[in-house]
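Below you'll find the structure, written out as structure tokens, and then a few comments.
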Amino acid sequence: MSFEDRYKKTKKALLEDNSIIKYNRDLFNKFFAWEEEKLKRQNGLPKIDESSYKTLYGYINKFRNVNNWFKNKAWNKLTEKEIKQVYNDLEDGKIKNRSGRRFEDRRGYYNKVFKSKPFKLAGLSDVVENALEFFTDKRKKQVRFINEEGFKRMLNFLHKPQHYALFWLAWDLGENITALLELRVKHFKRQLNRDTKQEEYLVYLPKENLKRSRQTRSEPTIYPETLRFLDALFKYGKETEYRDEKGMIRRKAVPFKEDDFIFSFKYRQALQIFDSVVKRAGVKCEPEGEKPSWKDLRSGMACYLFSQGWHVEDINLRLGHSPQSKWLESYINYLAINRKRAKKVHYNNNLEDVKDELEESKQREKLVGQRMERQKEDLDQVKELLKKVLEEGFKMNKEVKIKLE
């Protein structure tokens with residue numbers, strides 16, 4: 001189901017939910033009309049696109065949660081004390097999500113609901129500012145990623161060509177799962193890399209599939225496994241259902257067409273596949289052991305490329321950011337890549353110093369050895385000369401003795 005369909009369906013259910021006080025439903029309706037117009041005008045669109053519907057869809061669950069937190073009270077009647085209490089309960093973890101944990105996306109609620117248009121429509125801008133006086137937009141980006149070992153351990157629990165291809169694409173390209181699931185056959189071009197002389201796929205990532213902050217781009221695959229599993233997927237073809245002679249539903253593979261999606265499933269099934277593999281493989285995120293999600297493969301890919309010596313600018317471009325993006329700063333600091341490189345340079349410099357000293361020592365030993373050899377030769381010559389002198393002296397003494405006799 002597209003985000004347009006999801007949004008329209010859940011919006012209708014929200015606005016027709018009689019368990020929600022009428023004032024709040026009217027407020028939600030006003031907000032959606034305003035937000036739809038804003039998204040079209042800010043993005044220069046004649047009509048709302050899929051990315052905008054995804055943004056709108058994200059408000060539905062937030063509105064339901066906030067309405068529950070304030071016990072279905074009309075938002076224009078909320079007091080500073082009530083808003084501050086909800087804020088403190090969220091921060092202290094007293095308000096929990098469906099998994100019984102503290103809400104991770106608290107800032108999303110503060111920035112998109114409390115301090116934004118919904119509460120402005122309720123006339124509570126100043127009240128919210130006072131209630132959330134300790135909240136700041138300045139935050140340190142959380143570091144979380146799946147390392148290479150964890151990723152490869154997950155692969156052990158995959159079976160279908162589609163699943164292998166999707167996981168390797170996520171690790172290779174570092175793009176969001178929603179964008180990867182929208183890829184079609186026409187977005188892939190198999191080619192020979194002129195520089196490496198290796199086969200690869202050039203994958204086109206169109207604007208309509210990406211988040212607004214991401215750049216439209218074409219990325220060559222890096223890993224031979226990605227090439228191999230994409231080859232297998234394209235060779236296998238697209239799965240389709242049909243009824244046999246007995247009326248039973250069967251599945252078979254047929255050749256892909258240019259406009260076919262390469263994956264036959266969508267976001268919800270991709271989440272189920274990922275969660276199942278994570279559970280069976282026992283993989284956790286670094287550094288704090290959180291439960292992984294698809295986006296942690298994106299950050300894991302970036303961290304792995306760091307360790308392989310890629311420059312920050314090149315990784316930013318592969319992720320769809322501008323070369324100067326600061327998105328990776330927290331990962332650079334955590335991994336201490338630059339400091340490790342500095343330490344390696346320091347080590348190598350010290351090693352060169354040791355080598356130089358060793359070479360000097362060898363030269364000194366060689367000179368000493370040569371000097372001792374010359375001294376030995378000189379001593380041998382002296383001995384030989386002394387021997388000759390003694391022999392001559394002995395001979396002369398013998399001749400003198402004979403004459404005297």
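Residues are referred to by chain and number: the chain letter is A, B, ... according to the order shown in the structure tokens, the number counts from 1 in that chain, and ligands are numbered separately from 1 in the order shown.
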>> What's around A:Leu132 at 12 Å? Count only C-alpha atoms, leave out sequence neighbours fewer than 2 positions away in its own chain, and write the answer as a PyMOL selection string.
In response: chain A and resi 80-88+90-91+107+109-111+114-115+124-130+134-137
> Within 7 Å of stretch 66-79 of chain A, counting only C-alpha atoms, which residues qualify if same-chain residues fewer than 4 places away don't, as a PyMOL selection string?
Replying inline: chain A and resi 20-21+23-24+62+83+86+122-124
>> Would you pick out the contacts of A:Arg190 at 8 Å or less, using only C-alpha atoms, so that residues sharing its chain but fewer than 4 positions from it are not included, and give the list as a ChimeraX atom specification?
In response: /A:199-202
> Mind checking DSSP for stretch 5-151 of chain A and telling me the helix (DSSP H, G or I) residues as a PyMOL selection string?
Replying inline: chain A and resi 5-15+22-42+50-69+75-77+80-92+106-114+117-121+125-131+148-151
>> Quick one: residues within 9 Å of A:Glu50, only C-alpha atoms, excluding same-chain residues fewer than 5 positions away - as a ChimeraX atom specification?
In response: /A:2-4,55,208-209
>> Could you list, as a PyMOL selection string, every residue within 7 Å of A:Trp171, counting only C-alpha atoms and ignoring same-chain residues fewer than 2 positions away?
In response: chain A and resi 167-169+173-174+297-298+301
> Got a sec to tell me which of stretch 134-300 of chain A DSSP assigns to strand (DSSP E), as JSON, numbers by chain?
Replying inline: {"A": [188, 189, 190, 191, 192, 199, 200, 201, 202, 203, 204, 205, 217, 218, 219, 220, 238, 239, 240, 241, 242, 243, 249, 250, 251, 252, 253, 254]}
> How many Å lie between atom CA of A:Asn43 and atom CA of A:Asn61, rounded to one decimal?
Replying inline: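 So the two atoms, atom CA of A:Asn43 and atom CA of A:Asn61, lie 24.0 Å apart.
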> Which neighbours of A:Val277 fall inside 10 Å, counting only C-alpha atoms, when residues of the same chain fewer than 5 positions from it are skipped, and could you give them as JSON, numbers by chain?
Replying inline: {"A": [153, 154, 155, 156, 157, 158, 271, 272, 282, 283]}
>> From the options A:Val254, A:Ala232, A:Leu205, A:Leu386, which residue's atoms come nearest to A:Gly320, counting only C-alpha atoms?
In response: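 The answer is A:Leu205, which sits nearest to A:Gly320.
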